[in-house]
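The block underneath contains the structure these notes are about, expressed in structure tokens.
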Amino acid sequence: SLNISNMDAPFSTENKLKIVSKFLLDSPPGEVNDVFNVGILGALREYNTEQYTTVKIDDEEVILSKFGQIKDKVDSYVDPKSRQVFEFDHLHKITRVIEPHPPDETTEPLRSAVEAAFTDYVKDHYPNGVSTVYSTEDETITIAIVDNKYNSLNFWNGRWRSTWVVKPESGELKGSLKVNVHYYEDGNVQLNSNKDIEVSTSTTVENPSAAAAAYVRLIGKAENEYQTALNESYIELSENTFKSLRRALPLTRHKLDWDKILNYKIGQELANK
Amino acid sequence: MAQSFVRNQRSYEITPTANTIFPYQSSHTQTYKILTKTGPSNPFASYFRKLLTELKMGDQIECALDLMRRLPPQNTEENLSNLITLIPDHHEDLLNNVDQPLKVAKCKTKNRDYLLSPFNRDGDSYRSPWSNEYDPPISDGILPSPKTRKLEVSANDAFDTYRDMYVLNLIENQSYYEGGISSAYFWDESDGFSGAVLFKKAWDSIHVFKANERGRGAHYKLTSTVMLYTITSKPELGHMNLSGSMTRQFETDYPFDEPSSHIANIGRMVEDIELKMRNLLQDVYFGKTKDIVNDLRSVKSLVETQRQADIQKELLGKLMERKS
């Protein structure tokens, strides 16, 4: 692991702090201890991979995730779409294509059908969304989706991450949805929300396009239901938070007469004597 | 009446100094000392400590406070604990400046609830605003002067009434806690006095003010923070945590003829800012963050929405053509 004190001279204290700060400031942060595990580079790598940071490969956005990470070469990732392996320098944010990555012949027909179907799905539901579809272990297909909105000028940002693992033979789909929003103008307000979902389809994989379409239908429905539940919770929370208040103004409909209030208790004391 | 909005004022410039050892009350029945937690051999801790120690002292606090403002507010206790482990020399500043959910304790003497805060803390003990005594008792605890204590008593009564007017007791004969709790703690300054007014209801509020008497009027500076923590779990929703705090500052002058005028003046300021904060809570927590979620993903088909927008545009264009 990289020992910060061995780094080159250009990394003065201010720069080190800038890196760390940028790390924290650029996106809704997660658990501090989990992320800063092995020095700053390790932290950045883990953060980017966990948070589905995207990079451009051959003019297309690709998600950095553990599903694409090469074992024993943690800075190398697979881009299944362009069928290449690339390296990512987390510190300097530079990508470098290394070599071609021939796809698995058995799983590729389904994987590329799912990739095409989900490219359309993401265009249809995520304004700035990116998806990457992987062939993962035990012949599963993993779909990663991320959408970000950054508005540092107005002190807020947000991120939606979806991860769906498909078992084509059994038709099982396991999803994990994560939504994080950070608002920090004169304050620190965060939404951290997640849901795990299991759904299944009876569609078989003989026809990859038909299977991909079935997955899109199921996943679209599940994600819509989640988003609807989130919106409904917001309304409920708002009502519950304010229900214990008489109203925005006290019953008398005017603001309080503080001179009266001051005399109230004194009057009581006199009466009690 | 001169009014100005004060930005970037450090609330810790108007908090009192406290004794050396500090407690952190994790519940109103237990106390444990954060400092007894020795730093783990966590690479994060040592890396950050190295970074932070290379900064000037003032910058260390800024950095730490800035961190607290960005880390998940749901983990305030743990984050605070970790930060204090990293820069133990600044534990007082951190404790005094990081807003934590208000905890409740019962005054055994007067059988009333009161709120725990840095403002009524001395060492491991907390002072009840009702009895003016420390629990657990200490021999030389910081106390307000008699003049300031009189104001403090008056303030606690006044804000108790204020709370009663604004917070509904949903069931009759409910304990004070259900209808919210208020506590006011005052302390002396060389050129006036300062204080904190705390409320615990649907959300927690901390109002810290400084009062300077200037001739026939007084100048007041107020820093107000509201904290709201919500956790919702449901099968269709999964786990939803919407939490955090917001701060506003305010500065104004009011005339005053006698000491009790201060209470009315501060009361009006607190009432005004509480109303503003209530609206802010609604707008930010339940408005803005929700809007951002729906900016990230659209339930409706974006392709379909765009198609309909294009049709409308085309129709409008044709209409305009016809007119001319």
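Letters A, B, ... mark the chains of the structure tokens in the order given; residue numbers begin at 1 per chain; ligand numbers begin at 1, in order shown.
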Inset, instruction - Among the residues of segment 111-251 of chain A, find those DSSP assigns to strand (DSSP E or B) from the backbone and print them as a ChimeraX atom specification. - result: /A:130-136,140-151,156-167,172-183,187-200,245
Legend entry - For Phe250 of chain B, the nearest of the candidates B:Asn265, B:Ser182, B:Thr76, B:Thr223, counting only C-alpha atoms: B:Thr223
Legend entry - Shell around segment 229-233 of chain A at 12 Å using only C-alpha atoms, local window under 2 positions removed, as a PyMOL selection string: (chain A and resi 177-179+191-195+222-227+235-241) or (chain B and resi 230-242+286-287+289-294+297-299)
Inset, instruction - Check segment 1-241 of chain A with DSSP on the backbone and list each residue it calls alpha helix (DSSP H), as a PyMOL selection string. - result: chain A and resi 13-25+32-35+39-50+108-125+208-241
Inset, instruction - Using atom CA of Asp257 of chain A and atom CA of Ala264 of chain B as the two end points, give the distance in Å to one decimal. - result: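 Straight-line distance from atom CA of Asp257 of chain A to atom CA of Ala264 of chain B works out to 8.6 Å.
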Inset, instruction - Could you check which of A:Asp138, A:Glu169, A:Glu108, A:Asp120 is closest to chain B, using only C-alpha atoms? - result: A:Asp120
Do a neighbour search on segment 63-76 of chain A at 9 Å with only C-alpha atoms, toss out local chain neighbours closer than 6 positions, and write the hits as a short mmCIF file (atom, residue, chain, number, x, y, z; two decimals) with C-alpha atoms, in the first residue's frame.
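Below is the file around.cif, written as the result:
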data_model
loop_
_atom_site.label_atom_id
_atom_site.label_comp_id
_atom_site.auth_asym_id
_atom_site.auth_seq_id
_atom_site.Cartn_x
_atom_site.Cartn_y
_atom_site.Cartn_z
CA ARG A 45 -9.85 3.52 -5.14
CA ASN A 48 -14.61 5.28 -6.61
CA THR A 49 -15.33 1.59 -6.99
CA GLU A 50 -18.03 1.62 -4.34
CA GLN A 51 -19.67 4.82 -5.53
CA TYR A 52 -19.77 3.79 -9.21
CA THR A 53 -17.58 6.64 -10.43
CA THR A 54 -17.69 6.77 -14.23
CA VAL A 55 -14.85 7.17 -16.73
CA LYS A 56 -14.82 7.71 -20.50
CA VAL A 85 -9.28 -3.73 -20.12
CA PHE A 86 -8.28 -0.27 -18.91
CA GLU A 87 -6.26 1.07 -16.04
CA PHE A 88 -7.44 3.97 -13.89
CA ASP A 89 -5.16 6.27 -11.90
CA HIS A 90 -7.43 7.27 -9.02
CA ILE A 98 -4.24 -1.67 -21.83
CA VAL A 130 -24.89 5.41 -17.02
CA SER A 131 -25.15 1.63 -17.10
CA THR A 132 -22.58 -1.12 -17.41
CA TYR A 134 -21.05 -7.53 -16.80
CA SER A 135 -20.75 -11.28 -17.18
CA THR A 136 -20.06 -12.29 -13.61
CA THR A 142 -24.73 -8.03 -13.29
CA ALA A 144 -24.86 -1.53 -12.62
CA ILE A 145 -26.64 1.81 -12.99
CA VAL A 146 -25.60 5.19 -11.62
#
Inset, instruction - With a distance cut-off of 8 Å and only C-alpha atoms, select the neighbouring residues of segment 197-209 of chain A, excluding the residue or stretch itself and same-chain residues fewer than 6 positions from it, and output the selection as a VMD selection string. - result: chain A and resid 109 to 110 113 to 114 117 168 to 176 215 218 222
Inset, instruction - Please provide the set of residues having any atom within 8 Å of Arg159 of chain A, restricted to only C-alpha atoms, with same-chain residues fewer than 5 positions apart removed, written as a list in words. - result: Pro28, Val146, Asp147, Asn148, Lys149, Val179, Asn180 and Val181 of chain A; Leu296 of chain B
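Considering only C-alpha atoms, the residue among B:Tyr220, B:Phe119, B:Phe159, B:Trp130 positioned nearest to chain A is B:Phe159.
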Inset, instruction - Pick out the closest residue to Thr106 of chain A from this set: A:Leu262, A:Val78, A:Ile94, A:Ile141. Count only C-alpha atoms. - result: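 Closest candidate: A:Ile141.
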Inset, instruction - Could you tell me which of A:Lys221, A:Lys167, A:Val216, A:Asp124 comes closest to chain B if we count only C-alpha atoms? - result: A:Asp124
Inset, instruction - Within 8 Å of Gln84 of chain A, counting only C-alpha atoms, which residues show up once you throw out same-chain ones fewer than 6 positions away? Write them as a list in words, please. - result: Val78, Val97, Ile98, Glu99, Pro100, His101 and Pro102 of chain A
Output file for the selection above: N, CA, C and O atoms, as a PDB file, in the first residue's frame:
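In the end it all went to out_17.pdb:
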ATOM      1  N   VAL A  78     -12.498  -3.998 -16.378  1.00  0.00           N
ATOM      2  CA  VAL A  78     -13.014  -4.455 -17.664  1.00  0.00           C
ATOM      3  C   VAL A  78     -14.111  -3.503 -18.128  1.00  0.00           C
ATOM      4  O   VAL A  78     -14.970  -3.093 -17.331  1.00  0.00           O
ATOM      5  N   VAL A  97      -6.157   2.604 -21.773  1.00  0.00           N
ATOM      6  CA  VAL A  97      -6.553   1.282 -22.251  1.00  0.00           C
ATOM      7  C   VAL A  97      -5.310   0.409 -22.371  1.00  0.00           C
ATOM      8  O   VAL A  97      -4.289   0.832 -22.921  1.00  0.00           O
ATOM      9  N   ILE A  98      -5.419  -0.804 -21.831  1.00  0.00           N
ATOM     10  CA  ILE A  98      -4.242  -1.673 -21.827  1.00  0.00           C
ATOM     11  C   ILE A  98      -4.286  -2.719 -22.935  1.00  0.00           C
ATOM     12  O   ILE A  98      -3.350  -2.861 -23.710  1.00  0.00           O
ATOM     13  N   GLU A  99      -5.416  -3.449 -22.944  1.00  0.00           N
ATOM     14  CA  GLU A  99      -5.450  -4.586 -23.876  1.00  0.00           C
ATOM     15  C   GLU A  99      -6.895  -4.951 -24.181  1.00  0.00           C
ATOM     16  O   GLU A  99      -7.812  -4.571 -23.454  1.00  0.00           O
ATOM     17  N   PRO A 100      -7.125  -5.738 -25.242  1.00  0.00           N
ATOM     18  CA  PRO A 100      -8.493  -6.195 -25.511  1.00  0.00           C
ATOM     19  C   PRO A 100      -8.901  -7.245 -24.476  1.00  0.00           C
ATOM     20  O   PRO A 100      -8.057  -7.887 -23.862  1.00  0.00           O
ATOM     21  N   HIS A 101     -10.207  -7.373 -24.307  1.00  0.00           N
ATOM     22  CA  HIS A 101     -10.758  -8.340 -23.362  1.00  0.00           C
ATOM     23  C   HIS A 101     -11.783  -9.174 -24.090  1.00  0.00           C
ATOM     24  O   HIS A 101     -12.934  -8.756 -24.241  1.00  0.00           O
ATOM     25  N   PRO A 102     -11.367 -10.321 -24.610  1.00  0.00           N
ATOM     26  CA  PRO A 102     -12.327 -11.140 -25.373  1.00  0.00           C
ATOM     27  C   PRO A 102     -13.453 -11.621 -24.457  1.00  0.00           C
ATOM     28  O   PRO A 102     -13.195 -12.074 -23.349  1.00  0.00           O
TER      29      PRO A 102
END
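You will find atom CA of Tyr285 of chain B at 22.7 Å from atom CA of Glu78 of chain B.
Nearest-residue note for chain B: choosing from A:Asp79, A:Asp196, A:Glu139, A:Glu61, the minimum distance belongs to A:Asp196, counting only C-alpha atoms.
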